[in-house]
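Source file: run-v1.cif (mmCIF, C-alpha atoms)
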data_final
loop_
_atom_site.label_atom_id
_atom_site.label_comp_id
_atom_site.auth_asym_id
_atom_site.auth_seq_id
_atom_site.Cartn_x
_atom_site.Cartn_y
_atom_site.Cartn_z
CA MET R 2 58.92 -20.08 165.77
CA ARG R 3 56.48 -21.43 163.16
CA ILE R 4 53.85 -18.97 161.95
CA GLU R 5 51.09 -21.37 163.01
CA THR R 6 52.42 -21.28 166.57
CA ILE R 7 52.20 -17.51 166.88
CA TYR R 8 48.62 -17.62 165.55
CA GLN R 9 47.77 -20.21 168.20
CA SER R 10 49.19 -17.90 170.87
CA LEU R 11 46.73 -15.26 169.64
CA GLY R 12 43.78 -17.63 169.95
CA VAL R 13 43.50 -19.17 166.47
CA SER R 14 43.31 -22.96 166.59
CA ALA R 15 45.35 -25.13 164.23
CA ARG R 16 42.12 -26.21 162.55
CA VAL R 17 41.07 -22.65 161.72
CA PHE R 18 44.57 -21.59 160.70
CA GLN R 19 45.00 -24.52 158.30
CA TYR R 20 41.56 -23.89 156.81
CA GLY R 21 42.55 -20.28 156.18
CA GLU R 22 45.79 -21.35 154.50
CA ARG R 23 43.86 -23.62 152.12
CA VAL R 24 41.58 -20.74 151.23
CA LEU R 25 44.58 -18.48 150.59
CA ASP R 26 46.21 -20.93 148.20
CA ALA R 27 43.61 -20.11 145.55
CA LEU R 28 43.79 -16.33 145.98
CA ALA R 29 47.32 -15.57 144.75
CA PRO R 30 46.24 -14.41 141.24
CA ARG R 31 43.63 -12.02 142.67
CA PHE R 32 46.06 -10.64 145.20
CA ALA R 33 48.56 -10.00 142.40
CA GLN R 34 45.94 -7.92 140.57
CA ILE R 35 45.30 -5.90 143.73
CA ASP R 36 49.03 -5.25 144.11
CA ALA R 37 49.23 -4.04 140.51
CA THR R 38 46.43 -1.52 141.11
CA ALA R 39 48.08 -0.37 144.33
CA GLU R 40 51.36 0.15 142.49
CA TYR R 41 49.63 2.30 139.86
CA ASN R 42 47.83 4.36 142.50
CA GLN R 43 51.03 4.75 144.53
CA CYS R 44 52.72 6.25 141.48
CA LYS R 45 49.71 8.51 140.90
CA VAL R 46 49.84 9.90 144.45
CA LEU R 47 53.61 10.28 144.34
CA HIS R 48 53.41 12.14 141.03
CA ALA R 49 50.83 14.56 142.47
CA MET R 50 53.07 15.27 145.46
CA GLN R 51 56.13 15.81 143.29
CA ARG R 52 54.27 18.03 140.84
CA ASN R 53 53.10 20.25 143.69
CA HIS R 54 56.57 20.46 145.27
CA VAL R 55 55.64 19.06 148.68
CA ASN R 56 58.35 20.06 151.15
CA ALA R 57 58.97 20.22 154.89
CA ALA R 58 57.52 23.74 155.14
CA HIS R 59 54.12 22.24 154.28
CA PHE R 60 54.13 20.29 157.55
CA ALA R 61 54.14 23.38 159.78
CA ALA R 62 51.26 23.79 162.23
CA THR R 63 48.88 26.75 162.04
CA THR R 64 46.33 27.99 164.56
CA GLY R 65 43.55 30.53 164.81
CA TYR R 66 42.23 31.74 161.49
CA GLY R 67 44.80 29.78 159.53
CA TYR R 68 45.42 32.58 157.05
CA ASN R 69 48.14 31.86 154.48
CA ASP R 70 48.34 28.19 155.45
CA GLU R 71 50.45 26.96 152.54
CA GLY R 72 50.58 23.38 153.82
CA ARG R 73 46.79 23.16 153.85
CA ASP R 74 46.42 24.88 150.48
CA ASN R 75 49.05 22.69 148.85
CA LEU R 76 47.45 19.53 150.22
CA GLU R 77 44.27 20.58 148.46
CA ARG R 78 46.20 21.02 145.23
CA VAL R 79 47.62 17.53 145.69
CA TYR R 80 44.14 16.05 146.20
CA ALA R 81 42.84 17.88 143.13
CA ASP R 82 45.70 16.35 141.13
CA VAL R 83 45.11 12.84 142.48
CA PHE R 84 41.39 13.02 141.67
CA HIS R 85 41.91 15.00 138.42
CA THR R 86 39.57 17.80 139.45
CA GLU R 87 39.65 21.58 139.30
CA ALA R 88 39.67 22.04 143.06
CA ALA R 89 39.57 20.27 146.42
CA LEU R 90 38.55 21.03 149.99
CA VAL R 91 40.48 18.87 152.50
CA ARG R 92 39.99 19.92 156.11
CA PRO R 93 40.21 18.62 159.67
CA GLN R 94 37.12 20.76 160.33
CA ILE R 95 35.13 18.17 158.33
CA THR R 96 34.45 15.66 161.08
CA CYS R 97 33.35 12.58 159.11
CA GLY R 98 32.02 11.34 155.79
CA THR R 99 28.43 12.23 156.64
CA HIS R 100 29.55 15.77 157.49
CA ALA R 101 31.40 16.07 154.17
CA LEU R 102 28.31 14.94 152.29
CA ALA R 103 26.08 17.29 154.28
CA VAL R 104 28.40 20.20 153.43
CA ALA R 105 28.37 19.35 149.72
CA LEU R 106 24.59 18.94 149.63
CA GLY R 107 23.79 22.01 151.71
CA ALA R 108 26.20 24.18 149.72
CA ASN R 109 24.80 23.34 146.31
CA LEU R 110 21.07 22.87 146.93
CA LEU R 111 18.79 25.86 147.46
CA PRO R 112 15.16 26.08 148.60
CA GLY R 113 12.92 24.66 145.86
CA ASP R 114 15.65 22.46 144.38
CA GLU R 115 15.27 18.70 144.22
CA LEU R 116 17.85 16.06 145.09
CA LEU R 117 17.54 12.71 143.29
CA SER R 118 19.05 9.40 144.36
CA PRO R 119 18.94 7.04 141.35
CA VAL R 120 20.53 4.20 143.35
CA GLY R 121 17.86 3.59 145.97
CA ALA R 122 17.86 4.60 149.59
CA PRO R 123 20.89 6.50 150.92
CA TYR R 124 23.12 5.39 153.77
CA ASP R 125 21.38 5.49 157.15
CA THR R 126 23.06 8.64 158.50
CA LEU R 127 22.06 10.63 155.39
CA GLU R 128 18.38 10.02 156.04
CA GLU R 129 18.32 12.75 158.68
CA VAL R 130 20.56 15.03 156.61
CA ILE R 131 18.06 14.82 153.76
CA GLY R 132 14.95 14.78 155.94
CA ILE R 133 13.69 11.28 155.12
CA ARG R 134 13.70 10.92 158.88
CA GLU R 135 12.79 14.20 160.54
CA SER R 136 15.71 16.11 162.00
CA ALA R 137 16.50 19.71 162.86
CA GLY R 138 18.53 21.38 160.13
CA SER R 139 17.71 18.82 157.43
CA LEU R 140 17.54 19.74 153.75
CA LYS R 141 13.79 19.16 153.90
CA GLU R 142 13.50 21.78 156.62
CA TYR R 143 15.13 24.29 154.24
CA GLY R 144 12.75 23.50 151.39
CA VAL R 145 14.85 21.02 149.41
CA ARG R 146 12.81 18.18 147.95
CA TYR R 147 14.00 14.61 147.65
CA ALA R 148 13.20 11.90 145.10
CA GLN R 149 14.44 8.35 144.83
CA VAL R 150 14.53 5.65 142.16
CA ASP R 151 15.08 2.17 143.51
CA LEU R 152 17.43 -0.29 141.87
CA LEU R 153 16.03 -3.13 139.83
CA PRO R 154 15.82 -6.54 141.56
CA ASP R 155 19.15 -7.55 140.03
CA GLY R 156 20.87 -4.49 141.51
CA THR R 157 21.17 -2.54 138.25
CA PHE R 158 19.94 0.96 137.45
CA ASP R 159 16.32 1.48 136.41
CA TYR R 160 17.09 3.84 133.54
CA PRO R 161 13.48 4.39 132.34
CA ALA R 162 12.39 5.32 135.87
CA ILE R 163 15.41 7.60 136.28
CA ALA R 164 14.54 9.42 133.07
CA ARG R 165 10.98 9.95 134.31
CA ALA R 166 12.23 11.22 137.68
CA ILE R 167 14.51 13.91 136.23
CA HIS R 168 12.69 17.17 135.57
CA ALA R 169 13.30 20.91 135.47
CA GLY R 170 13.55 21.18 139.27
CA THR R 171 16.07 18.36 139.66
CA LYS R 172 19.28 20.12 140.69
CA MET R 173 21.56 17.36 141.93
CA VAL R 174 21.97 13.61 141.65
CA THR R 175 23.63 11.78 144.55
CA ILE R 176 25.25 8.42 143.84
CA GLN R 177 26.41 6.26 146.71
CA ARG R 178 29.24 4.09 145.45
CA SER R 179 29.39 1.63 148.33
CA LYS R 180 26.58 -0.58 149.55
CA GLY R 181 26.48 0.86 153.07
CA TYR R 182 24.24 -1.37 155.14
CA ALA R 183 22.20 -2.47 152.12
CA ALA R 184 22.33 -5.87 150.45
CA ARG R 185 23.06 -4.45 147.01
CA PRO R 186 26.14 -4.30 144.80
CA THR R 187 28.84 -1.68 145.14
CA PHE R 188 29.15 0.18 141.86
CA SER R 189 32.28 0.24 139.73
CA VAL R 190 33.69 3.50 138.42
CA SER R 191 32.61 2.39 134.95
CA GLN R 192 29.01 1.81 136.08
CA ILE R 193 28.97 5.19 137.83
CA GLY R 194 30.27 6.84 134.67
CA GLU R 195 27.48 5.29 132.60
CA LEU R 196 24.87 6.47 135.11
CA ILE R 197 26.28 10.00 135.15
CA ALA R 198 26.34 10.16 131.34
CA PHE R 199 22.71 9.04 131.22
CA CYS R 200 21.59 11.57 133.82
CA LYS R 201 23.37 14.39 132.01
CA GLN R 202 21.75 13.36 128.73
CA CYS R 203 18.41 13.84 130.46
CA LYS R 204 19.44 17.21 131.95
CA PRO R 205 22.89 18.55 131.01
CA ASP R 206 23.17 21.01 133.92
CA LEU R 207 22.64 18.37 136.61
CA ILE R 208 25.23 18.31 139.37
CA CYS R 209 26.34 14.69 139.85
CA MET R 210 27.85 13.98 143.27
CA VAL R 211 29.40 10.64 144.26
CA ASP R 212 29.72 9.44 147.84
CA ASN R 213 33.12 7.82 147.37
CA CYS R 214 33.52 6.44 150.90
CA TYR R 215 35.30 3.06 151.05
CA GLY R 216 36.06 3.14 147.32
CA GLU R 217 39.14 5.33 147.01
CA PHE R 218 42.16 3.60 145.42
CA VAL R 219 40.34 0.28 144.98
CA GLU R 220 40.43 0.90 141.22
CA ALA R 221 42.91 2.81 139.09
CA ARG R 222 40.22 5.39 138.29
CA GLU R 223 38.01 7.48 140.56
CA PRO R 224 34.43 8.66 139.85
CA SER R 225 35.84 12.12 139.03
CA ASP R 226 37.56 10.45 136.06
CA ALA R 227 34.15 9.24 134.91
CA GLY R 228 32.27 12.53 134.88
CA ALA R 229 31.36 13.19 138.53
CA ASP R 230 31.11 16.90 139.36
CA LEU R 231 31.85 16.23 143.03
CA VAL R 232 33.45 13.28 144.84
CA VAL R 233 33.21 13.21 148.61
CA GLY R 234 34.76 11.09 151.32
CA SER R 235 36.29 10.73 154.77
CA LEU R 236 39.95 10.82 155.74
CA ILE R 237 39.46 8.16 158.42
CA LYS R 238 38.64 5.75 155.61
CA ASN R 239 40.83 4.90 152.62
CA PRO R 240 42.54 8.21 151.73
CA GLY R 241 43.80 8.92 155.24
CA GLY R 242 45.91 5.77 155.16
CA GLY R 243 45.20 5.08 158.83
CA LEU R 244 47.21 8.12 159.94
CA ALA R 245 44.65 10.91 159.57
CA PRO R 246 42.90 11.31 162.95
CA ILE R 247 39.95 13.26 161.51
CA GLY R 248 38.93 15.02 158.33
CA GLY R 249 37.10 14.81 155.04
CA TYR R 250 37.54 15.82 151.42
CA ILE R 251 35.42 17.24 148.63
CA CYS R 252 36.96 17.27 145.15
CA GLY R 253 35.36 18.55 141.97
CA ARG R 254 34.36 21.52 139.87
CA GLY R 255 35.89 24.74 141.12
CA ASP R 256 32.64 26.66 141.55
CA LEU R 257 30.97 23.80 143.44
CA VAL R 258 33.93 23.26 145.76
CA ALA R 259 34.07 27.01 146.47
CA ARG R 260 30.44 26.90 147.59
CA CYS R 261 31.30 23.95 149.85
CA ALA R 262 34.05 26.03 151.46
CA TYR R 263 31.62 28.89 152.10
CA ARG R 264 29.21 26.42 153.65
CA LEU R 265 31.90 24.88 155.86
CA SER R 266 33.23 28.20 157.16
CA ALA R 267 31.15 31.27 156.26
CA PRO R 268 30.14 33.29 153.19
CA GLY R 269 33.01 35.55 152.24
CA LEU R 270 35.57 33.44 154.10
CA GLY R 271 35.57 30.10 152.30
CA GLN R 272 38.91 28.37 151.96
CA GLU R 273 40.90 31.27 153.40
CA VAL R 274 40.24 30.19 156.98
CA GLY R 275 40.67 26.91 158.83
CA ALA R 276 43.91 26.19 160.68
CA ASN R 277 45.54 22.80 160.16
CA LEU R 278 46.26 22.37 163.90
CA GLY R 279 49.45 20.41 163.24
CA LEU R 280 47.79 17.62 161.26
CA MET R 281 49.56 18.15 157.95
CA PRO R 282 52.22 15.44 158.40
CA ALA R 283 49.50 12.86 159.10
CA PHE R 284 47.38 14.05 156.16
CA TYR R 285 50.23 14.03 153.66
CA GLN R 286 51.80 10.79 154.84
CA GLY R 287 48.41 9.10 155.20
CA LEU R 288 47.58 9.94 151.58
CA PHE R 289 51.00 8.64 150.51
CA LEU R 290 50.35 5.30 152.26
CA ALA R 291 46.70 5.06 151.24
CA PRO R 292 47.07 2.91 148.09
CA THR R 293 49.04 0.25 149.98
CA VAL R 294 46.80 0.32 153.04
CA THR R 295 43.70 0.08 150.83
CA ALA R 296 45.20 -2.92 149.03
CA GLY R 297 45.65 -4.75 152.34
CA ALA R 298 42.06 -4.04 153.34
CA LEU R 299 40.83 -5.23 149.94
CA LYS R 300 42.71 -8.51 150.31
CA GLY R 301 41.08 -8.93 153.71
CA ALA R 302 37.61 -8.46 152.23
CA ILE R 303 38.22 -11.06 149.53
CA PHE R 304 39.69 -13.47 152.07
CA ALA R 305 36.63 -13.02 154.30
CA ALA R 306 34.22 -13.83 151.48
CA ASN R 307 36.14 -16.96 150.53
CA VAL R 308 36.41 -18.13 154.14
CA TYR R 309 32.73 -17.68 154.95
CA GLU R 310 31.08 -18.61 151.67
CA ARG R 311 32.67 -22.07 151.77
CA LEU R 312 31.06 -22.55 155.18
CA GLY R 313 27.57 -21.82 153.85
CA PHE R 314 27.17 -18.13 154.73
CA ARG R 315 25.86 -15.68 152.15
CA CYS R 316 28.47 -13.06 151.32
CA ILE R 317 27.97 -9.77 149.48
CA PRO R 318 29.95 -9.48 147.25
CA ASP R 319 30.41 -13.19 146.79
CA ALA R 320 33.79 -14.90 146.78
CA ARG R 321 34.39 -14.46 143.05
CA GLU R 322 32.95 -11.02 142.23
CA PRO R 323 35.12 -8.05 141.21
CA ARG R 324 35.63 -5.50 144.00
CA HIS R 325 34.85 -1.80 143.97
CA ASP R 326 35.15 -1.00 147.69
CA ILE R 327 36.73 -2.51 150.80
CA ILE R 328 33.50 -3.66 152.50
CA GLN R 329 32.53 -7.30 152.88
CA ALA R 330 29.05 -8.17 154.12
CA VAL R 331 28.47 -11.58 155.69
CA GLU R 332 24.93 -12.65 156.58
CA LEU R 333 25.16 -14.55 159.85
CA GLY R 334 21.47 -15.27 160.34
CA SER R 335 21.18 -14.35 164.00
CA ARG R 336 21.94 -11.74 166.61
CA GLU R 337 24.20 -14.27 168.34
CA GLY R 338 26.17 -14.73 165.13
CA MET R 339 26.74 -10.99 164.78
CA LEU R 340 27.92 -10.71 168.38
CA ALA R 341 30.30 -13.67 168.04
CA PHE R 342 31.78 -12.38 164.77
CA CYS R 343 32.35 -8.91 166.21
CA LYS R 344 33.80 -10.38 169.41
CA GLY R 345 36.41 -12.18 167.31
CA ILE R 346 37.32 -9.00 165.42
CA GLN R 347 37.66 -7.10 168.69
CA ARG R 348 39.95 -9.76 170.14
CA ALA R 349 42.24 -9.31 167.13
CA ALA R 350 42.57 -5.57 167.77
CA PRO R 351 45.68 -3.76 169.03
CA VAL R 352 43.49 -1.47 171.16
CA ASP R 353 40.79 -2.64 173.62
CA SER R 354 41.24 -6.28 172.61
CA TYR R 355 40.05 -7.37 176.06
CA VAL R 356 36.55 -5.85 175.83
CA ASP R 357 33.40 -7.28 174.26
CA PRO R 358 31.47 -5.11 171.78
CA VAL R 359 27.78 -4.73 172.56
CA PRO R 360 24.92 -3.25 170.49
CA TRP R 361 23.95 0.34 171.27
CA PRO R 362 21.68 3.09 169.84
CA MET R 363 24.34 4.81 167.72
CA PRO R 364 23.37 8.34 166.58
CA GLY R 365 21.98 8.49 163.06
CA TYR R 366 20.68 4.90 162.88
CA ASP R 367 17.19 3.47 163.35
CA ALA R 368 18.36 0.21 164.99
CA ASP R 369 20.95 -0.71 167.58
CA VAL R 370 24.38 -1.01 166.00
CA ILE R 371 27.18 -3.32 167.07
CA MET R 372 30.68 -2.15 166.24
CA ALA R 373 33.97 -3.94 166.77
CA ALA R 374 36.76 -1.43 166.33
CA GLY R 375 39.84 -1.62 168.50
CA ALA R 376 41.35 1.23 166.53
CA PHE R 377 43.98 3.91 167.06
CA VAL R 378 41.47 6.44 165.65
CA GLN R 379 37.90 6.24 166.91
CA GLY R 380 35.56 5.11 164.13
CA SER R 381 38.37 4.64 161.61
CA SER R 382 36.93 2.27 159.04
CA ILE R 383 40.25 1.75 157.28
CA GLU R 384 41.42 0.05 160.46
CA LEU R 385 40.25 -3.49 161.19
CA SER R 386 36.59 -3.20 162.08
CA ALA R 387 33.21 -4.85 161.75
CA ASP R 388 29.79 -3.42 162.39
CA GLY R 389 26.16 -3.52 161.43
CA PRO R 390 22.62 -2.76 162.57
CA VAL R 391 21.25 -5.62 164.64
CA ARG R 392 18.27 -6.53 162.47
CA PRO R 393 17.44 -9.24 159.91
CA PRO R 394 19.21 -10.65 157.95
CA TYR R 395 21.80 -10.01 160.68
CA ALA R 396 24.58 -9.04 158.30
CA VAL R 397 27.90 -7.87 159.64
CA PHE R 398 29.99 -5.50 157.53
CA PHE R 399 33.70 -6.19 157.72
CA GLN R 400 36.30 -3.74 156.49
CA GLY R 401 39.78 -2.41 156.99
CA GLY R 402 43.09 -3.59 158.33
CA LEU R 403 46.08 -1.28 158.19
CA THR R 404 48.05 -4.29 156.99
CA TRP R 405 46.90 -7.40 155.14
CA TYR R 406 48.27 -9.55 157.96
CA HIS R 407 46.06 -7.84 160.50
CA ALA R 408 43.02 -8.26 158.26
CA LYS R 409 43.84 -11.96 157.91
CA LEU R 410 44.13 -12.39 161.69
CA GLY R 411 40.82 -10.61 162.22
CA ILE R 412 38.94 -12.93 159.88
CA LEU R 413 40.47 -16.04 161.44
CA MET R 414 39.62 -14.75 164.92
CA SER R 415 36.02 -14.04 163.87
CA LEU R 416 35.68 -17.59 162.57
CA GLN R 417 37.24 -18.98 165.74
CA SER R 418 34.72 -17.02 167.83
CA LEU R 419 31.79 -18.37 165.81
CA LEU R 420 33.16 -21.89 166.02
CA ASP R 421 33.66 -21.66 169.79
CA ALA R 422 30.04 -20.47 170.14
CA GLY R 423 28.76 -23.45 168.12
CA LEU R 424 27.44 -21.19 165.35
CA VAL R 425 29.30 -22.73 162.41
CA ASP R 426 28.24 -25.86 160.59
CA TRP R 427 31.80 -27.01 159.98
CA LYS R 428 31.87 -29.07 156.80
CA GLU R 429 35.50 -28.47 155.83
CA GLU R 430 37.92 -30.79 157.57
CA ALA R 431 41.29 -29.47 158.70
#
Represent the structure from my file as structure tokens, please.
Amino acid sequence: MRIETIYQSLGVSARVFQYGERVLDALAPRFAQIDATAEYNQCKVLHAMQRNHVNAAHFAATTGYGYNDEGRDNLERVYADVFHTEAALVRPQITCGTHALAVALGANLLPGDELLSPVGAPYDTLEEVIGIRESAGSLKEYGVRYAQVDLLPDGTFDYPAIARAIHAGTKMVTIQRSKGYAARPTFSVSQIGELIAFCKQCKPDLICMVDNCYGEFVEAREPSDAGADLVVGSLIKNPGGGLAPIGGYICGRGDLVARCAYRLSAPGLGQEVGANLGLMPAFYQGLFLAPTVTAGALKGAIFAANVYERLGFRCIPDAREPRHDIIQAVELGSREGMLAFCKGIQRAAPVDSYVDPVPWPMPGYDADVIMAAGAFVQGSSIELSADGPVRPPYAVFFQGGLTWYHAKLGILMSLQSLLDAGLVDWKEEA
């Protein structure tokens, strides 16, 4: 059976398939670079596992308090090695990336301290954590102040304004690596390192925390290699490799990570408690697969930008830009465009492919959010998914794909859905 025939059986017309193949012809050199980075990161993860003598005993399940859980403790040593940090906290009790960030912030900010974001507004769900939008239990409610320096119009750091914003009460700087739902660049590890160095010149004892979500293993270096005191992320994104069903990580300075553990469990208990509940095989194997899975998702993002930019849609990053996370934003210009794109992604899914995604008031957001995610793990952004708040400029954020081939199918299906709805000005002939 010809490959084009099987795509047609899945709902991709010959016209769309052939267009995609023409786009792919020009991407071979970029894909080779992605594979080289994945190979390096695969060796890095493997070396960390070998150095920490991972063995079958580390896969045993624990319950209750989880005392003496060697599998859990060794996984944290592996993560610390991978991220080149003093310590790590990697737990299924951390429910998502926002939770991991909330733990890190709440553990290391005390009443009267100030948190500074030198990269503009934080991701939507952090607004209530910080207290930008009022919420019970926010940092603001506990007397933590917040300051923000917006990016310059070209998306770069406003260093003079950052220097003015840092003062004696500034305790922590939070740097969001990925764009989130904002139309701004994702920052490279090198850019983050320059920003951290500048902030520490202004105040050497600043704690610099990086929200690393969607960025793990995209580059050969992580923000912890560039001076970050804490790097934080979710296991149902890149580092879980699609196998972790829940969890988050916090890697960094030993004293800061210890405080995070006390915040997650209780003062005096810290990392000593927290059963693994039988998830160790998924956590270890997911981390092992993560560099390869991330590479497939990254190829999908680049393919998406090249497919849609040639059809006149604005893409962030654009089709030629270097990549520092797995997210691709496509501005579709209308609510109908967002719905059609997400419908195509959902139809490409292995789970719930027969349902249509609809916008809904998702907790933590100030607008209805549409989310296409026929995933094995609910909300897993390393699996093929697309989402976004339904508001101008009606941008959808595409990410994931446990394999490159699934990411490719998802993009072709999204284009087919837009084409069927009459929402594409088709200028490229098949």
**Message:** Nearest residue to Val258 (chain R) out of R:Gly12, R:Ala305, R:Lys428, R:Ala105, using only C-alpha atoms?
**Reply:**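 Using only C-alpha atoms, the shortest distance to Val258 (chain R) belongs to R:Ala105.
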**Message:** Excluding Ala350 (chain R) and its own-chain neighbours fewer than 3 positions away, which residues fall within 6 Å of it when counting only C-alpha atoms? Please give them as a PyMOL selection string.
**Reply:** chain R and resi 347+354+375
**Complete:** With distances taken over all atoms listed in the file, the candidate from R:Leu207, R:Val91, R:Leu403, R:Ala122 nearest Asn239 (chain R) is R:Leu403
Starting from 6 Å padding per side, set up an axis-aligned box that covers all listed atoms of region 335-348 of chain R and hand over centre and edge lengths in Å, one decimal, as lines of an AutoDock Vina configuration file.
center_x = 30.6
center_y = -10.9
center_z = 167.1
size_x = 30.8
size_y = 19.6
size_z = 18.1
Any chance you could resolve the PyMOL selection byres ((chain R and resi 106) around 10) against this file and give the residues as a tab-separated table (two decimals) with C-alpha atoms, in the frame of the given file?
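Printed below is part11.tsv as written:
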chain	number	residue	atom	x	y	z
R	100	HIS	CA	29.55	15.77	157.49
R	101	ALA	CA	31.40	16.07	154.17
R	102	LEU	CA	28.31	14.94	152.29
R	103	ALA	CA	26.08	17.29	154.28
R	104	VAL	CA	28.40	20.20	153.43
R	105	ALA	CA	28.37	19.35	149.72
R	107	GLY	CA	23.79	22.01	151.71
R	108	ALA	CA	26.20	24.18	149.72
R	109	ASN	CA	24.80	23.34	146.31
R	110	LEU	CA	21.07	22.87	146.93
R	111	LEU	CA	18.79	25.86	147.46
R	116	LEU	CA	17.85	16.06	145.09
R	130	VAL	CA	20.56	15.03	156.61
R	131	ILE	CA	18.06	14.82	153.76
R	140	LEU	CA	17.54	19.74	153.75
R	145	VAL	CA	14.85	21.02	149.41
R	173	MET	CA	21.56	17.36	141.93
R	174	VAL	CA	21.97	13.61	141.65
R	175	THR	CA	23.63	11.78	144.55
R	210	MET	CA	27.85	13.98	143.27
R	261	CYS	CA	31.30	23.95	149.85
R	264	ARG	CA	29.21	26.42	153.65
Can you sort out region 161-180 of chain R so it carries N, CA and C atoms, written as a PDB file, keeping the file's coordinate frame?
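So the final result, stored in out_39.pdb, reads:
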ATOM      1  N   PRO R 161      14.745   3.731 132.693  1.00  0.00           N
ATOM      2  CA  PRO R 161      13.480   4.390 132.340  1.00  0.00           C
ATOM      3  C   PRO R 161      12.886   5.190 133.508  1.00  0.00           C
ATOM      4  N   ALA R 162      12.938   4.617 134.709  1.00  0.00           N
ATOM      5  CA  ALA R 162      12.390   5.320 135.870  1.00  0.00           C
ATOM      6  C   ALA R 162      13.237   6.540 136.218  1.00  0.00           C
ATOM      7  N   ILE R 163      14.538   6.453 136.021  1.00  0.00           N
ATOM      8  CA  ILE R 163      15.410   7.600 136.280  1.00  0.00           C
ATOM      9  C   ILE R 163      15.084   8.737 135.322  1.00  0.00           C
ATOM     10  N   ALA R 164      14.885   8.393 134.065  1.00  0.00           N
ATOM     11  CA  ALA R 164      14.540   9.420 133.070  1.00  0.00           C
ATOM     12  C   ALA R 164      13.236  10.107 133.428  1.00  0.00           C
ATOM     13  N   ARG R 165      12.264   9.344 133.918  1.00  0.00           N
ATOM     14  CA  ARG R 165      10.980   9.950 134.310  1.00  0.00           C
ATOM     15  C   ARG R 165      11.133  10.818 135.552  1.00  0.00           C
ATOM     16  N   ALA R 166      12.078  10.485 136.422  1.00  0.00           N
ATOM     17  CA  ALA R 166      12.230  11.220 137.680  1.00  0.00           C
ATOM     18  C   ALA R 166      12.961  12.549 137.497  1.00  0.00           C
ATOM     19  N   ILE R 167      13.754  12.674 136.451  1.00  0.00           N
ATOM     20  CA  ILE R 167      14.510  13.910 136.230  1.00  0.00           C
ATOM     21  C   ILE R 167      13.629  14.932 135.533  1.00  0.00           C
ATOM     22  N   HIS R 168      13.537  16.110 136.137  1.00  0.00           N
ATOM     23  CA  HIS R 168      12.690  17.170 135.570  1.00  0.00           C
ATOM     24  C   HIS R 168      13.375  18.509 135.783  1.00  0.00           C
ATOM     25  N   ALA R 169      12.686  19.580 135.443  1.00  0.00           N
ATOM     26  CA  ALA R 169      13.300  20.910 135.470  1.00  0.00           C
ATOM     27  C   ALA R 169      13.811  21.288 136.859  1.00  0.00           C
ATOM     28  N   GLY R 170      13.152  20.811 137.916  1.00  0.00           N
ATOM     29  CA  GLY R 170      13.550  21.180 139.270  1.00  0.00           C
ATOM     30  C   GLY R 170      14.634  20.299 139.865  1.00  0.00           C
ATOM     31  N   THR R 171      15.028  19.243 139.146  1.00  0.00           N
ATOM     32  CA  THR R 171      16.070  18.360 139.660  1.00  0.00           C
ATOM     33  C   THR R 171      17.417  19.062 139.554  1.00  0.00           C
ATOM     34  N   LYS R 172      18.036  19.342 140.678  1.00  0.00           N
ATOM     35  CA  LYS R 172      19.280  20.120 140.690  1.00  0.00           C
ATOM     36  C   LYS R 172      20.510  19.219 140.814  1.00  0.00           C
ATOM     37  N   MET R 173      20.384  18.184 141.629  1.00  0.00           N
ATOM     38  CA  MET R 173      21.560  17.360 141.930  1.00  0.00           C
ATOM     39  C   MET R 173      21.182  15.895 141.993  1.00  0.00           C
ATOM     40  N   VAL R 174      22.098  15.059 141.527  1.00  0.00           N
ATOM     41  CA  VAL R 174      21.970  13.610 141.650  1.00  0.00           C
ATOM     42  C   VAL R 174      23.042  13.135 142.624  1.00  0.00           C
ATOM     43  N   THR R 175      22.668  12.331 143.595  1.00  0.00           N
ATOM     44  CA  THR R 175      23.630  11.780 144.550  1.00  0.00           C
ATOM     45  C   THR R 175      23.753  10.279 144.324  1.00  0.00           C
ATOM     46  N   ILE R 176      24.976   9.818 144.151  1.00  0.00           N
ATOM     47  CA  ILE R 176      25.250   8.420 143.840  1.00  0.00           C
ATOM     48  C   ILE R 176      26.146   7.853 144.928  1.00  0.00           C
ATOM     49  N   GLN R 177      25.621   6.900 145.660  1.00  0.00           N
ATOM     50  CA  GLN R 177      26.410   6.260 146.710  1.00  0.00           C
ATOM     51  C   GLN R 177      27.121   5.058 146.113  1.00  0.00           C
ATOM     52  N   ARG R 178      28.443   5.141 146.084  1.00  0.00           N
ATOM     53  CA  ARG R 178      29.240   4.090 145.450  1.00  0.00           C
ATOM     54  C   ARG R 178      29.158   2.772 146.212  1.00  0.00           C
ATOM     55  N   SER R 179      29.338   2.824 147.511  1.00  0.00           N
ATOM     56  CA  SER R 179      29.390   1.630 148.330  1.00  0.00           C
ATOM     57  C   SER R 179      27.992   1.195 148.751  1.00  0.00           C
ATOM     58  N   LYS R 180      27.890  -0.047 149.190  1.00  0.00           N
ATOM     59  CA  LYS R 180      26.580  -0.580 149.550  1.00  0.00           C
ATOM     60  C   LYS R 180      26.048  -0.047 150.868  1.00  0.00           C
TER      61      LYS R 180
END
